[in-house]
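Novice: Please see the structure below; I have some questions.
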Amino acid sequence: MDYLLFILLGVGIGVFSGFFGIGGGIILTPLLLMFGLPPTTVIGTSLMLSLGTSISGALSHFRLKNINWYYVIIINCTGIIGTQIAHPLMIRLDSMGFAETVISVFYVALLSYFAFSLLFPAKKEKQSTKKKLPPAIIAGLIGLGAGFISSALGVSGGFFIVPLLISLLGFKASQAVGTSLASVVFIVAAGLISYSLSSPINFGIGLALILGTFLGAPIGARSTRLFNEKKMKNLLGTLYVCMIVSVLSNTFSLSIIGLILISSFALIFFFLIGKKFIALKKKQGLSSS
(Lines give C-alpha, C1' and ligand atoms only; values in the text may rest on other atoms or scores of the structure.)
Protein backbone atom coordinates (compact mmCIF):
# COMPACT_ATOMS: atom_id res chain seq x y z
CA MET A 1 0.00 0.00 0.00
CA ASP A 2 2.87 2.42 0.82
CA TYR A 3 4.46 1.81 -2.58
CA LEU A 4 1.10 2.35 -4.31
CA LEU A 5 0.85 5.74 -2.65
CA PHE A 6 4.35 6.62 -3.84
CA ILE A 7 3.41 5.54 -7.38
CA LEU A 8 0.37 7.85 -7.28
CA LEU A 9 2.57 10.63 -5.89
CA GLY A 10 4.96 9.95 -8.78
CA VAL A 11 2.12 10.33 -11.31
CA GLY A 12 1.29 13.77 -9.89
CA ILE A 13 4.95 14.82 -9.81
CA GLY A 14 5.35 13.51 -13.37
CA VAL A 15 2.54 15.76 -14.61
CA PHE A 16 4.17 18.73 -12.86
CA SER A 17 7.55 17.77 -14.33
CA GLY A 18 6.30 17.46 -17.89
CA PHE A 19 4.43 20.76 -17.68
CA PHE A 20 6.81 22.96 -15.70
CA GLY A 21 10.17 21.44 -16.69
CA ILE A 22 11.10 20.64 -13.10
CA GLY A 23 12.55 17.28 -12.15
CA GLY A 24 10.20 16.70 -9.23
CA GLY A 25 12.81 17.04 -6.49
CA ILE A 26 11.64 20.56 -5.76
CA ILE A 27 8.36 18.99 -4.58
CA LEU A 28 9.69 15.73 -3.16
CA THR A 29 12.61 17.10 -1.10
CA PRO A 30 10.45 19.20 1.29
CA LEU A 31 7.95 16.30 1.58
CA LEU A 32 10.61 13.74 2.53
CA LEU A 33 12.10 16.18 5.04
CA MET A 34 8.62 16.49 6.56
CA PHE A 35 8.55 12.68 6.85
CA GLY A 36 11.71 12.88 8.98
CA LEU A 37 14.26 11.27 6.64
CA PRO A 38 17.94 12.36 7.01
CA PRO A 39 18.90 15.24 4.66
CA THR A 40 21.56 13.31 2.71
CA THR A 41 19.16 10.36 2.25
CA VAL A 42 16.48 12.80 1.09
CA ILE A 43 18.82 14.38 -1.45
CA GLY A 44 19.97 11.03 -2.87
CA THR A 45 16.43 9.62 -3.13
CA SER A 46 15.16 12.87 -4.61
CA LEU A 47 17.92 12.86 -7.23
CA MET A 48 16.86 9.33 -8.17
CA LEU A 49 13.33 10.58 -8.78
CA SER A 50 14.61 13.62 -10.66
CA LEU A 51 16.56 11.37 -13.03
CA GLY A 52 13.40 9.42 -13.85
CA THR A 53 11.24 12.51 -14.34
CA SER A 54 13.90 14.22 -16.45
CA ILE A 55 14.22 11.25 -18.80
CA SER A 56 10.48 10.67 -19.15
CA GLY A 57 9.75 14.39 -19.55
CA ALA A 58 12.57 14.88 -22.06
CA LEU A 59 11.28 12.00 -24.19
CA SER A 60 7.82 13.54 -24.23
CA HIS A 61 9.12 16.98 -25.23
CA PHE A 62 11.44 15.42 -27.83
CA ARG A 63 8.35 14.14 -29.62
CA LEU A 64 6.88 17.66 -29.39
CA LYS A 65 10.14 19.18 -30.81
CA ASN A 66 10.58 21.49 -27.80
CA ILE A 67 14.31 20.81 -27.21
CA ASN A 68 17.24 23.03 -28.29
CA TRP A 69 20.13 20.54 -28.31
CA TYR A 70 22.86 23.18 -28.70
CA TYR A 71 22.07 24.62 -25.27
CA VAL A 72 21.46 21.17 -23.81
CA ILE A 73 25.10 20.20 -24.48
CA ILE A 74 26.49 23.42 -22.95
CA ILE A 75 24.31 23.24 -19.83
CA ASN A 76 25.12 19.56 -19.31
CA CYS A 77 28.90 20.06 -19.52
CA THR A 78 29.06 22.92 -17.03
CA GLY A 79 26.30 21.41 -14.88
CA ILE A 80 28.31 18.27 -14.14
CA ILE A 81 31.14 20.48 -12.85
CA GLY A 82 28.67 22.23 -10.55
CA THR A 83 27.49 18.95 -9.01
CA GLN A 84 31.03 17.98 -8.06
CA ILE A 85 31.56 21.32 -6.32
CA ALA A 86 28.38 21.05 -4.24
CA HIS A 87 28.55 17.39 -3.15
CA PRO A 88 31.49 17.56 -0.68
CA LEU A 89 30.11 20.83 0.69
CA MET A 90 26.74 19.27 1.57
CA ILE A 91 28.39 16.20 3.13
CA ARG A 92 30.41 18.54 5.34
CA LEU A 93 27.35 20.59 6.31
CA ASP A 94 25.40 17.42 7.14
CA SER A 95 28.16 16.23 9.47
CA MET A 96 27.94 19.60 11.23
CA GLY A 97 24.13 19.41 11.50
CA PHE A 98 23.47 22.42 9.25
CA ALA A 99 22.34 20.67 6.06
CA GLU A 100 18.57 20.96 6.55
CA THR A 101 18.82 24.66 7.47
CA VAL A 102 20.98 25.42 4.43
CA ILE A 103 18.57 23.52 2.14
CA SER A 104 15.59 25.50 3.49
CA VAL A 105 17.34 28.88 3.16
CA PHE A 106 18.50 28.05 -0.38
CA TYR A 107 14.97 27.06 -1.38
CA VAL A 108 13.34 30.20 -0.03
CA ALA A 109 15.92 32.55 -1.56
CA LEU A 110 15.90 31.00 -5.03
CA LEU A 111 12.16 30.40 -5.22
CA SER A 112 11.45 33.97 -4.06
CA TYR A 113 13.62 35.40 -6.82
CA PHE A 114 12.15 33.24 -9.58
CA ALA A 115 8.56 33.65 -8.40
CA PHE A 116 8.98 37.42 -8.50
CA SER A 117 10.66 37.37 -11.95
CA LEU A 118 7.88 35.22 -13.42
CA LEU A 119 4.91 36.99 -11.85
CA PHE A 120 6.34 40.51 -12.30
CA PRO A 121 8.56 40.38 -15.42
CA ALA A 122 10.78 43.35 -16.25
CA LYS A 123 9.82 45.49 -19.22
CA LYS A 124 11.53 44.58 -22.48
CA GLU A 125 12.69 48.17 -23.02
CA LYS A 126 14.78 48.08 -19.86
CA GLN A 127 16.19 44.66 -20.65
CA SER A 128 17.29 45.71 -24.16
CA THR A 129 19.49 48.53 -22.80
CA LYS A 130 21.64 46.09 -20.82
CA LYS A 131 24.84 44.74 -22.33
CA LYS A 132 24.53 40.96 -22.42
CA LEU A 133 27.13 38.21 -22.45
CA PRO A 134 27.27 35.83 -25.45
CA PRO A 135 24.41 33.28 -25.28
CA ALA A 136 26.81 30.32 -24.99
CA ILE A 137 28.48 31.85 -21.90
CA ILE A 138 25.10 32.62 -20.34
CA ALA A 139 24.02 29.00 -20.94
CA GLY A 140 27.28 27.77 -19.40
CA LEU A 141 26.75 29.84 -16.26
CA ILE A 142 23.15 28.63 -16.04
CA GLY A 143 24.41 25.04 -16.22
CA LEU A 144 27.07 25.63 -13.56
CA GLY A 145 24.50 27.09 -11.19
CA ALA A 146 21.98 24.37 -11.96
CA GLY A 147 24.53 21.65 -11.29
CA PHE A 148 25.50 23.16 -7.94
CA ILE A 149 21.87 23.57 -6.90
CA SER A 150 21.00 20.06 -8.11
CA SER A 151 23.60 18.39 -5.92
CA ALA A 152 23.11 20.78 -3.00
CA LEU A 153 19.33 20.49 -2.78
CA GLY A 154 18.57 17.09 -4.32
CA VAL A 155 16.65 18.56 -7.25
CA SER A 156 17.11 18.45 -11.00
CA GLY A 157 17.87 22.15 -11.27
CA GLY A 158 15.01 22.61 -13.72
CA PHE A 159 13.29 25.19 -11.54
CA PHE A 160 16.52 27.20 -11.86
CA ILE A 161 17.04 26.64 -15.60
CA VAL A 162 13.52 27.29 -16.93
CA PRO A 163 13.01 30.91 -15.76
CA LEU A 164 16.58 31.85 -16.77
CA LEU A 165 16.18 30.43 -20.27
CA ILE A 166 13.01 32.51 -20.57
CA SER A 167 14.38 35.76 -19.09
CA LEU A 168 18.02 35.70 -20.27
CA LEU A 169 17.90 33.80 -23.56
CA GLY A 170 14.37 34.63 -24.73
CA PHE A 171 13.04 31.06 -24.88
CA LYS A 172 9.34 30.37 -25.21
CA ALA A 173 7.97 28.68 -22.09
CA SER A 174 7.36 25.32 -23.80
CA GLN A 175 10.87 25.32 -25.34
CA ALA A 176 12.44 26.28 -22.01
CA VAL A 177 10.65 23.35 -20.35
CA GLY A 178 11.78 20.82 -22.96
CA THR A 179 15.38 22.08 -23.09
CA SER A 180 15.56 22.12 -19.28
CA LEU A 181 14.41 18.52 -18.93
CA ALA A 182 16.91 17.29 -21.52
CA SER A 183 19.69 19.38 -19.98
CA VAL A 184 19.42 18.02 -16.46
CA VAL A 185 19.57 14.29 -17.30
CA PHE A 186 23.38 14.07 -17.03
CA ILE A 187 23.54 16.71 -14.29
CA VAL A 188 21.21 14.65 -12.09
CA ALA A 189 22.97 11.40 -13.01
CA ALA A 190 26.31 12.86 -11.91
CA GLY A 191 24.86 14.02 -8.60
CA LEU A 192 23.09 10.70 -8.01
CA ILE A 193 26.29 8.70 -8.58
CA SER A 194 28.17 10.92 -6.12
CA TYR A 195 25.54 10.49 -3.39
CA SER A 196 25.08 6.74 -3.99
CA LEU A 197 28.77 6.23 -3.18
CA SER A 198 28.61 8.10 0.12
CA SER A 199 25.00 8.16 1.39
CA PRO A 200 22.06 5.69 1.67
CA ILE A 201 19.33 5.90 -0.98
CA ASN A 202 15.85 4.42 -0.59
CA PHE A 203 15.72 2.59 -3.92
CA GLY A 204 12.24 1.12 -3.23
CA ILE A 205 10.65 4.55 -2.84
CA GLY A 206 12.69 5.92 -5.72
CA LEU A 207 11.61 3.19 -8.17
CA ALA A 208 7.95 3.51 -7.15
CA LEU A 209 8.07 7.26 -7.74
CA ILE A 210 9.84 6.85 -11.10
CA LEU A 211 7.20 4.37 -12.26
CA GLY A 212 4.53 6.94 -11.51
CA THR A 213 6.40 9.75 -13.27
CA PHE A 214 6.64 7.77 -16.51
CA LEU A 215 2.84 7.67 -16.48
CA GLY A 216 2.38 11.33 -15.57
CA ALA A 217 5.11 13.13 -17.56
CA PRO A 218 3.55 12.65 -21.03
CA ILE A 219 0.29 14.14 -19.74
CA GLY A 220 2.10 17.21 -18.44
CA ALA A 221 4.12 17.64 -21.64
CA ARG A 222 1.04 17.51 -23.85
CA SER A 223 -0.72 19.96 -21.54
CA THR A 224 1.78 22.72 -22.39
CA ARG A 225 -0.03 23.08 -25.72
CA LEU A 226 -3.24 24.00 -23.92
CA PHE A 227 -1.93 27.17 -22.22
CA ASN A 228 -0.49 30.42 -23.57
CA GLU A 229 2.88 31.86 -22.50
CA LYS A 230 1.51 34.23 -19.87
CA LYS A 231 -0.65 31.55 -18.25
CA MET A 232 2.27 29.09 -18.04
CA LYS A 233 4.53 31.71 -16.43
CA ASN A 234 1.83 32.67 -13.91
CA LEU A 235 1.22 29.03 -12.98
CA LEU A 236 4.95 28.39 -12.51
CA GLY A 237 5.35 31.54 -10.41
CA THR A 238 2.38 30.57 -8.26
CA LEU A 239 3.84 27.08 -7.75
CA TYR A 240 7.07 28.66 -6.50
CA VAL A 241 5.14 30.83 -4.03
CA CYS A 242 3.39 27.72 -2.69
CA MET A 243 6.74 25.98 -2.28
CA ILE A 244 8.15 28.98 -0.38
CA VAL A 245 5.28 28.86 2.10
CA SER A 246 5.72 25.08 2.38
CA VAL A 247 9.40 25.32 3.27
CA LEU A 248 8.83 28.16 5.74
CA SER A 249 5.95 26.35 7.45
CA ASN A 250 8.10 23.23 7.79
CA THR A 251 10.89 25.32 9.34
CA PHE A 252 8.47 26.51 12.03
CA SER A 253 7.06 22.99 12.61
CA LEU A 254 3.80 23.83 10.80
CA SER A 255 4.27 21.43 7.89
CA ILE A 256 0.51 20.80 7.60
CA ILE A 257 0.08 24.34 6.23
CA GLY A 258 2.50 23.67 3.40
CA LEU A 259 0.92 20.34 2.57
CA ILE A 260 -2.57 21.90 2.42
CA LEU A 261 -1.34 24.74 0.20
CA ILE A 262 0.54 22.49 -2.24
CA SER A 263 -2.38 20.05 -2.36
CA SER A 264 -4.77 22.92 -3.10
CA PHE A 265 -2.55 24.19 -5.91
CA ALA A 266 -2.29 20.66 -7.35
CA LEU A 267 -6.07 20.23 -7.33
CA ILE A 268 -6.61 23.60 -9.05
CA PHE A 269 -3.85 22.82 -11.57
CA PHE A 270 -5.28 19.40 -12.45
CA PHE A 271 -8.77 20.93 -12.67
CA LEU A 272 -7.50 23.51 -15.19
CA ILE A 273 -5.83 20.80 -17.28
CA GLY A 274 -9.00 18.69 -17.24
CA LYS A 275 -11.09 21.71 -18.19
CA LYS A 276 -8.77 22.52 -21.12
CA PHE A 277 -8.76 18.91 -22.34
CA ILE A 278 -12.58 18.75 -22.26
CA ALA A 279 -12.86 22.07 -24.13
CA LEU A 280 -10.36 20.82 -26.74
CA LYS A 281 -12.27 17.56 -27.25
CA LYS A 282 -15.54 19.44 -27.69
CA LYS A 283 -13.90 21.76 -30.22
CA GLN A 284 -12.46 18.80 -32.15
CA GLY A 285 -15.88 17.11 -32.07
CA LEU A 286 -17.59 20.19 -33.50
CA SER A 287 -14.97 20.63 -36.22
CA SER A 288 -15.18 16.99 -37.28
CA SER A 289 -18.98 17.15 -37.47
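Letters A, B, ... go to the chains of the C-alpha coordinates in the order shown; residues in each chain start at 1; ligands are counted from 1 in the same order.
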Within 12 Å of A:Ser112, counting only C-alpha atoms, which residues qualify if same-chain residues fewer than 3 places away don't, as a PyMOL selection string?

Specialist: chain A and resi 105-109+115-120+159-160+237-245+247-248

Novice: Grab the residues selected above and save them as a PDB file, in the first residue's frame with N, CA and C atoms.

Specialist:
```pdb
ATOM      1  N   VAL A 105      16.992  27.500   3.507  1.00  0.00           N
ATOM      2  CA  VAL A 105      17.335  28.883   3.165  1.00  0.00           C
ATOM      3  C   VAL A 105      17.550  29.027   1.656  1.00  0.00           C
ATOM      4  N   PHE A 106      18.262  28.055   1.062  1.00  0.00           N
ATOM      5  CA  PHE A 106      18.499  28.054  -0.381  1.00  0.00           C
ATOM      6  C   PHE A 106      17.173  28.059  -1.139  1.00  0.00           C
ATOM      7  N   TYR A 107      16.270  27.164  -0.713  1.00  0.00           N
ATOM      8  CA  TYR A 107      14.969  27.057  -1.381  1.00  0.00           C
ATOM      9  C   TYR A 107      14.230  28.383  -1.359  1.00  0.00           C
ATOM     10  N   VAL A 108      14.122  28.974  -0.178  1.00  0.00           N
ATOM     11  CA  VAL A 108      13.338  30.202  -0.025  1.00  0.00           C
ATOM     12  C   VAL A 108      13.939  31.332  -0.863  1.00  0.00           C
ATOM     13  N   ALA A 109      15.266  31.473  -0.831  1.00  0.00           N
ATOM     14  CA  ALA A 109      15.923  32.552  -1.558  1.00  0.00           C
ATOM     15  C   ALA A 109      15.727  32.408  -3.072  1.00  0.00           C
ATOM     16  N   ALA A 115       9.998  33.358  -8.448  1.00  0.00           N
ATOM     17  CA  ALA A 115       8.560  33.653  -8.395  1.00  0.00           C
ATOM     18  C   ALA A 115       8.313  35.107  -8.757  1.00  0.00           C
ATOM     19  N   PHE A 116       9.138  35.990  -8.219  1.00  0.00           N
ATOM     20  CA  PHE A 116       8.984  37.424  -8.502  1.00  0.00           C
ATOM     21  C   PHE A 116       9.251  37.718  -9.974  1.00  0.00           C
ATOM     22  N   SER A 117      10.302  37.097 -10.549  1.00  0.00           N
ATOM     23  CA  SER A 117      10.656  37.367 -11.948  1.00  0.00           C
ATOM     24  C   SER A 117       9.605  36.848 -12.918  1.00  0.00           C
ATOM     25  N   LEU A 118       8.905  35.769 -12.544  1.00  0.00           N
ATOM     26  CA  LEU A 118       7.876  35.216 -13.415  1.00  0.00           C
ATOM     27  C   LEU A 118       6.552  35.959 -13.291  1.00  0.00           C
ATOM     28  N   LEU A 119       6.185  36.326 -12.068  1.00  0.00           N
ATOM     29  CA  LEU A 119       4.911  36.992 -11.847  1.00  0.00           C
ATOM     30  C   LEU A 119       4.975  38.484 -12.152  1.00  0.00           C
ATOM     31  N   PHE A 120       6.172  39.074 -12.026  1.00  0.00           N
ATOM     32  CA  PHE A 120       6.341  40.510 -12.297  1.00  0.00           C
ATOM     33  C   PHE A 120       7.548  40.709 -13.215  1.00  0.00           C
ATOM     34  N   PHE A 159      13.981  23.993 -12.010  1.00  0.00           N
ATOM     35  CA  PHE A 159      13.293  25.193 -11.540  1.00  0.00           C
ATOM     36  C   PHE A 159      14.217  26.403 -11.617  1.00  0.00           C
ATOM     37  N   PHE A 160      15.528  26.163 -11.696  1.00  0.00           N
ATOM     38  CA  PHE A 160      16.523  27.203 -11.859  1.00  0.00           C
ATOM     39  C   PHE A 160      16.734  27.521 -13.337  1.00  0.00           C
ATOM     40  N   GLY A 237       5.077  30.607 -11.496  1.00  0.00           N
ATOM     41  CA  GLY A 237       5.353  31.538 -10.412  1.00  0.00           C
ATOM     42  C   GLY A 237       4.527  31.249  -9.175  1.00  0.00           C
ATOM     43  N   THR A 238       3.256  30.898  -9.380  1.00  0.00           N
ATOM     44  CA  THR A 238       2.378  30.565  -8.258  1.00  0.00           C
ATOM     45  C   THR A 238       2.837  29.288  -7.561  1.00  0.00           C
ATOM     46  N   LEU A 239       3.303  28.311  -8.343  1.00  0.00           N
ATOM     47  CA  LEU A 239       3.839  27.081  -7.746  1.00  0.00           C
ATOM     48  C   LEU A 239       5.033  27.406  -6.854  1.00  0.00           C
ATOM     49  N   TYR A 240       5.902  28.293  -7.299  1.00  0.00           N
ATOM     50  CA  TYR A 240       7.069  28.661  -6.502  1.00  0.00           C
ATOM     51  C   TYR A 240       6.656  29.333  -5.192  1.00  0.00           C
ATOM     52  N   VAL A 241       5.624  30.178  -5.242  1.00  0.00           N
ATOM     53  CA  VAL A 241       5.136  30.825  -4.029  1.00  0.00           C
ATOM     54  C   VAL A 241       4.622  29.777  -3.036  1.00  0.00           C
ATOM     55  N   CYS A 242       3.893  28.793  -3.557  1.00  0.00           N
ATOM     56  CA  CYS A 242       3.388  27.715  -2.691  1.00  0.00           C
ATOM     57  C   CYS A 242       4.532  26.943  -2.043  1.00  0.00           C
ATOM     58  N   MET A 243       5.600  26.704  -2.814  1.00  0.00           N
ATOM     59  CA  MET A 243       6.741  25.980  -2.277  1.00  0.00           C
ATOM     60  C   MET A 243       7.472  26.798  -1.210  1.00  0.00           C
ATOM     61  N   ILE A 244       7.525  28.119  -1.386  1.00  0.00           N
ATOM     62  CA  ILE A 244       8.151  28.983  -0.381  1.00  0.00           C
ATOM     63  C   ILE A 244       7.412  28.864   0.947  1.00  0.00           C
ATOM     64  N   VAL A 245       6.092  28.962   0.886  1.00  0.00           N
ATOM     65  CA  VAL A 245       5.279  28.861   2.098  1.00  0.00           C
ATOM     66  C   VAL A 245       5.443  27.476   2.729  1.00  0.00           C
ATOM     67  N   VAL A 247       8.102  25.435   2.599  1.00  0.00           N
ATOM     68  CA  VAL A 247       9.405  25.325   3.267  1.00  0.00           C
ATOM     69  C   VAL A 247       9.412  26.124   4.567  1.00  0.00           C
ATOM     70  N   LEU A 248       8.861  27.331   4.532  1.00  0.00           N
ATOM     71  CA  LEU A 248       8.827  28.159   5.737  1.00  0.00           C
ATOM     72  C   LEU A 248       7.966  27.535   6.830  1.00  0.00           C
TER      73      LEU A 248
END
```

Novice: If you measure from atom CA of A:Ser151 to atom CA of A:Leu236, what distance in Å do you get, rounded to one decimal?

Specialist: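 Between these atoms lies a distance of 22.2 Å.
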
Novice: Using only C-alpha atoms, which residues of stretch 97-214 of chain A come within 7 Å of stretch 65-76 of chain A, and what is the closest atom pair for each, with the distance in Å to one decimal? Give it as JSON lines, sorted by chain and residue number.

Specialist:
```
{"residue": "A:Ala139", "atom": "CA", "partner": "A:Ile75", "partner_atom": "CA", "distance": 5.9}
{"residue": "A:Gly140", "atom": "CA", "partner": "A:Ile75", "partner_atom": "CA", "distance": 5.4}
{"residue": "A:Ile142", "atom": "CA", "partner": "A:Ile75", "partner_atom": "CA", "distance": 6.7}
{"residue": "A:Gly143", "atom": "CA", "partner": "A:Ile75", "partner_atom": "CA", "distance": 4.0}
{"residue": "A:Ser174", "atom": "CA", "partner": "A:Asn66", "partner_atom": "CA", "distance": 6.4}
{"residue": "A:Gln175", "atom": "CA", "partner": "A:Asn66", "partner_atom": "CA", "distance": 4.6}
{"residue": "A:Gly178", "atom": "CA", "partner": "A:Ile67", "partner_atom": "CA", "distance": 4.9}
{"residue": "A:Thr179", "atom": "CA", "partner": "A:Ile67", "partner_atom": "CA", "distance": 4.4}
{"residue": "A:Ala182", "atom": "CA", "partner": "A:Val72", "partner_atom": "CA", "distance": 6.4}
{"residue": "A:Ser183", "atom": "CA", "partner": "A:Val72", "partner_atom": "CA", "distance": 4.6}
{"residue": "A:Val184", "atom": "CA", "partner": "A:Asn76", "partner_atom": "CA", "distance": 6.6}
{"residue": "A:Phe186", "atom": "CA", "partner": "A:Asn76", "partner_atom": "CA", "distance": 6.2}
{"residue": "A:Ile187", "atom": "CA", "partner": "A:Asn76", "partner_atom": "CA", "distance": 6.0}
```

Novice: Can you measure atom CA of A:Pro218 to atom CA of A:Ala58 for me? One decimal in Å is fine.

Specialist: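 Separation of atom CA of A:Pro218 and atom CA of A:Ala58: 9.3 Å.
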
Novice: For A:Phe98, find every residue with an atom within 12 Å (counting only C-alpha atoms), except residues of its own chain fewer than 6 positions away, and show them as a ChimeraX atom specification.

Specialist: /A:38-40,89-92,104-105

Novice: Mind dumping a table of every stretch 40-83 of chain A residue within 10 Å of stretch 27-36 of chain A, with the nearest atom pair and its distance in Å to one decimal, using only C-alpha atoms, sorted by chain and rising number, as CSV?

Specialist:
```
residue,atom,partner,partner_atom,distance
A:Thr41,CA,A:Leu32,CA,9.2
A:Val42,CA,A:Leu32,CA,6.1
A:Ile43,CA,A:Thr29,CA,6.8
A:Gly44,CA,A:Thr29,CA,9.7
A:Thr45,CA,A:Thr29,CA,8.6
A:Ser46,CA,A:Thr29,CA,6.1
A:Leu47,CA,A:Thr29,CA,9.2
A:Leu49,CA,A:Leu28,CA,8.4
A:Ser50,CA,A:Leu28,CA,9.2
```

Novice: Check the DSSP output for the backbone and give back, as a VMD selection string, the residues of stretch 57-227 of chain A in helix (DSSP H, G or I).

Specialist: chain A and resid 57 to 63 69 to 96 99 to 119 124 to 128 135 to 153 158 to 169 173 to 196 203 to 226

Novice: Which residue is closest to A:Ile80? Choose from A:Ala173, A:Ile138, A:Leu59, A:Ala190 and count only C-alpha atoms.

Specialist: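 Ranked by minimum distance to A:Ile80, first place goes to A:Ala190.
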
Novice: When distances are computed from only C-alpha atoms, which of A:Ile257, A:Ile85, A:Leu286, A:Leu280 shows the smallest separation from A:Arg225?

Specialist: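 Result for the nearest residue to A:Arg225: A:Leu280.
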